[in-house]
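In what follows, a single structure is set out as structure tokens and then discussed.
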Amino acid sequence: MKLPSQPRAVITGGGSGLGRALVLQLARQRARLVVADINVPGAEETARLANALGGDAVARRCDVGALADVEALARFADDRLGGTDLLVNNAGVAVAGQVGELPIADWEWIVRINLWGVIHGCHAFVPRLRAQGRGFILNVASSAGFASLPQMAPYNATKAAVISLSETLHAELGPANVSVSCLCPTFFKTGLLDTFRGGERQRALAERMFARSTMTAEQVARAGLRGLEKGTLLVIPQRDGTWMWRAKRLLPSAYAGALRMSEKRNLMGRLADKGN
């Protein structure tokens, strides 16, 4: 199902990174856009760039962890756009470290944004999409949601929940002609490290993996929108993500054993140290 011409779209976390790339990709289709972000200057810059490309974009402050903010965002989209064709739940943060050592405050922070932010978005917009009988939802998760790499439990858990929520919505909203896809990239160059919480070695490893990535945010954005229009439930744009997805499902015990062995041999830590 193709997006309508000049789609009306709401993108959370649109102030930078993948969110900005998604906004700009849609602007090239002359979309009407609400760029939502807690970082207002970033959202305003994205809106300016989108308008220069031929879109019609406006910035809107939104804390996705606050239901009242997201409900206000939906009402704003109703007033500004006359409705919403596409909701992109993109806002997200990252936490890394070992379970039992990470502060509970970091768990609460990431769950509030990565999971409750998506829940709030769906809660506010799904009734509107269902009522109009057509629409699209793109939830941005991560291959971390099924890869389950060690020392990433908070991030893994929230992204796994977003994948499961997307799978459920895919079934629930099919009769309403609402298409749901879940974007599951691995590492790519983005602004996720700007708000990263974790130890020095976890940050060093993440920086190393981001630096080694050959895929850009723009490429991930194009893959996500292309997969959405094709009706693909899980959009995995990179080969390493596809390999992990297949390995875990074809050889689950071997996959789990490999992860356990990598932790026992401290392979992740040694990789992080190579960057120092």
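Here's how to read the names in the structure tokens: chain A, B, ... by the order shown, residue numbers from 1 in each chain, ligand numbers from 1 in the order shown.
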
Among region 55-150 of chain A, which ones does DSSP assign to alpha helix (DSSP H) (computed from the backbone)? Answer as an mmCIF file with C-alpha atoms, in the first residue's frame.
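result-v3.cif, written as the output of this step:
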```
data_model
loop_
_atom_site.group_PDB
_atom_site.id
_atom_site.type_symbol
_atom_site.label_atom_id
_atom_site.label_comp_id
_atom_site.auth_asym_id
_atom_site.auth_seq_id
_atom_site.Cartn_x
_atom_site.Cartn_y
_atom_site.Cartn_z
ATOM 1 C CA LEU A 67 0.996 10.828 27.725
ATOM 2 C CA ALA A 68 -0.446 14.341 27.942
ATOM 3 C CA ASP A 69 2.252 15.612 25.561
ATOM 4 C CA VAL A 70 1.562 12.885 23.004
ATOM 5 C CA GLU A 71 -2.199 13.355 23.186
ATOM 6 C CA ALA A 72 -1.625 17.082 22.641
ATOM 7 C CA LEU A 73 0.600 16.186 19.676
ATOM 8 C CA ALA A 74 -2.235 14.186 18.107
ATOM 9 C CA ARG A 75 -4.655 17.066 18.562
ATOM 10 C CA PHE A 76 -2.097 19.470 17.086
ATOM 11 C CA ALA A 77 -1.748 17.224 14.033
ATOM 12 C CA ASP A 78 -5.534 17.186 13.668
ATOM 13 C CA ASP A 79 -5.603 20.988 13.701
ATOM 14 C CA ARG A 80 -2.469 21.595 11.613
ATOM 15 C CA LEU A 81 -2.736 18.771 9.087
ATOM 16 C CA ILE A 104 17.336 1.599 38.358
ATOM 17 C CA ALA A 105 16.966 5.253 37.376
ATOM 18 C CA ASP A 106 18.599 4.421 34.032
ATOM 19 C CA TRP A 107 16.163 1.528 33.521
ATOM 20 C CA GLU A 108 13.234 3.826 34.282
ATOM 21 C CA TRP A 109 14.574 6.492 31.912
ATOM 22 C CA ILE A 110 14.967 4.190 28.920
ATOM 23 C CA TRP A 116 6.207 4.110 26.901
ATOM 24 C CA GLY A 117 6.935 6.629 24.147
ATOM 25 C CA VAL A 118 5.811 4.113 21.517
ATOM 26 C CA ILE A 119 2.852 2.991 23.622
ATOM 27 C CA HIS A 120 1.743 6.591 24.054
ATOM 28 C CA GLY A 121 2.070 7.239 20.325
ATOM 29 C CA CYS A 122 -0.026 4.213 19.438
ATOM 30 C CA HIS A 123 -2.578 4.957 22.149
ATOM 31 C CA ALA A 124 -3.121 8.503 20.868
ATOM 32 C CA PHE A 125 -3.031 7.893 17.111
ATOM 33 C CA VAL A 126 -4.394 4.361 16.525
ATOM 34 C CA PRO A 127 -8.043 5.333 17.187
ATOM 35 C CA ARG A 128 -7.689 8.143 14.650
ATOM 36 C CA LEU A 129 -6.141 5.889 11.998
ATOM 37 C CA ARG A 130 -8.730 3.180 12.617
ATOM 38 C CA ALA A 131 -11.584 5.684 12.338
ATOM 39 C CA GLN A 132 -10.372 7.051 8.991
ATOM 40 C CA ALA A 144 19.029 -5.413 19.420
ATOM 41 C CA GLY A 145 15.452 -6.442 20.131
ATOM 42 C CA PHE A 146 16.119 -9.942 18.821
ATOM 43 C CA ALA A 147 19.932 -10.129 18.858
#
```

Within region 41-103 of chain A, find each residue whose DSSP state, derived from the backbone, is strand (DSSP E or B), and express the selection as JSON, numbers by chain. {"A": [56, 57, 58, 59, 60, 61, 86, 87, 88, 89, 95, 97]}

Export, as an mmCIF file, in the first residue's frame, the selected residues with N, CA and C atoms.
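Final output, selection.cif:
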```
data_model
loop_
_atom_site.group_PDB
_atom_site.id
_atom_site.type_symbol
_atom_site.label_atom_id
_atom_site.label_comp_id
_atom_site.auth_asym_id
_atom_site.auth_seq_id
_atom_site.Cartn_x
_atom_site.Cartn_y
_atom_site.Cartn_z
ATOM 1 N N ASP A 56 6.244 20.733 3.879
ATOM 2 C CA ASP A 56 5.531 21.735 4.674
ATOM 3 C C ASP A 56 5.608 21.248 6.115
ATOM 4 N N ALA A 57 6.640 21.690 6.834
ATOM 5 C CA ALA A 57 6.940 21.132 8.150
ATOM 6 C C ALA A 57 6.852 22.184 9.235
ATOM 7 N N VAL A 58 6.454 21.724 10.415
ATOM 8 C CA VAL A 58 6.411 22.576 11.594
ATOM 9 C C VAL A 58 6.962 21.786 12.768
ATOM 10 N N ALA A 59 7.693 22.468 13.636
ATOM 11 C CA ALA A 59 8.260 21.822 14.820
ATOM 12 C C ALA A 59 7.266 21.889 15.980
ATOM 13 N N ARG A 60 7.342 20.858 16.831
ATOM 14 C CA ARG A 60 6.457 20.798 17.992
ATOM 15 C C ARG A 60 7.190 20.113 19.138
ATOM 16 N N ARG A 61 7.254 20.766 20.280
ATOM 17 C CA ARG A 61 7.878 20.134 21.433
ATOM 18 C C ARG A 61 7.009 18.990 21.932
ATOM 19 N N LEU A 86 0.529 9.071 8.459
ATOM 20 C CA LEU A 86 1.678 8.281 8.881
ATOM 21 C C LEU A 86 2.172 8.752 10.237
ATOM 22 N N LEU A 87 2.260 7.818 11.183
ATOM 23 C CA LEU A 87 2.883 8.060 12.478
ATOM 24 C C LEU A 87 4.202 7.305 12.512
ATOM 25 N N VAL A 88 5.284 8.014 12.838
ATOM 26 C CA VAL A 88 6.580 7.364 13.028
ATOM 27 C C VAL A 88 6.985 7.528 14.488
ATOM 28 N N ASN A 89 6.958 6.433 15.229
ATOM 29 C CA ASN A 89 7.418 6.424 16.614
ATOM 30 C C ASN A 89 8.920 6.150 16.607
ATOM 31 N N VAL A 95 20.962 2.782 26.773
ATOM 32 C CA VAL A 95 21.618 2.501 28.054
ATOM 33 C C VAL A 95 22.334 1.168 27.903
ATOM 34 N N GLY A 97 25.172 -1.686 30.004
ATOM 35 C CA GLY A 97 25.819 -2.076 31.243
ATOM 36 C C GLY A 97 25.254 -3.394 31.743
#
```

Determine, counting only C-alpha atoms, which protein, DNA and RNA residues have an atom within 12 Å of an atom of region 215-217 of chain A; residues of the same chain fewer than 5 positions away are not included. Present the result as a PyMOL selection string. chain A and resi 16-25+185-192+209-210+222-224+237-240

Here is a test: counting only C-alpha atoms, which residue of A:Leu233, A:Val64, A:Leu183, A:Ala31 is nearest to His170 (chain A)? A:Leu233

With region 1-15 of chain A as the partner and 8 Å as the cut-off, tabulate the residues of region 187-261 of chain A that qualify, each row holding the nearest pair of atoms and their distance in Å to one decimal, using only C-alpha atoms, sorted by chain and rising number, as a Markdown table.
```
| residue | atom | partner | partner_atom | distance |
| --- | --- | --- | --- | --- |
| A:Glu229 | CA | A:Lys2 | CA | 5.1 |
| A:Lys230 | CA | A:Met1 | CA | 6.5 |
| A:Gly231 | CA | A:Met1 | CA | 6.9 |
```

Given the selection you just returned, output its residues as a file containing N, CA and C atoms, formatted as a short mmCIF file (atom, residue, chain, number, x, y, z; two decimals), in the first residue's frame.
```
data_model
loop_
_atom_site.label_atom_id
_atom_site.label_comp_id
_atom_site.auth_asym_id
_atom_site.auth_seq_id
_atom_site.Cartn_x
_atom_site.Cartn_y
_atom_site.Cartn_z
N GLU A 229 5.82 0.67 2.83
CA GLU A 229 4.93 0.65 1.66
C GLU A 229 4.76 -0.75 1.09
N LYS A 230 5.77 -1.59 1.26
CA LYS A 230 5.67 -2.98 0.79
C LYS A 230 4.86 -3.86 1.74
N GLY A 231 4.57 -3.34 2.93
CA GLY A 231 3.84 -4.13 3.91
C GLY A 231 4.72 -5.09 4.68
#
```

Option closest in space to Val40 (chain A), from A:Asn139, A:Ser213, A:Asp63, A:Arg246 [counting only C-alpha atoms]: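 The answer is A:Asp63, which sits nearest to Val40 (chain A).
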
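Closest to Ala141 (chain A) among A:Leu251, A:Ala161, A:Ala36, A:Leu173 is A:Ala161, based on only C-alpha atoms.
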
My list of candidates is A:Pro252, A:Pro154, A:Gly92, A:Gly55. Which is closest to Leu33 (chain A) when distances are computed with only C-alpha atoms? A:Gly55

Any idea what the distance is between CA of Arg28 (chain A) and CA of Leu49 (chain A)?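 These two atoms are separated by 10.7 Å.
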
Give me, please, the distance in Å between CA of Ser166 (chain A) and CA of Val140 (chain A), quoted to one decimal.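 Calculated distance between CA of Ser166 (chain A) and CA of Val140 (chain A) is 9.6 Å.
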
A:Asp194, A:Leu149, A:Ile113, A:Val180: which is nearest Ala256 (chain A), counting only C-alpha atoms?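 Of the candidates, the smallest distance to Ala256 (chain A) is held by A:Leu149.
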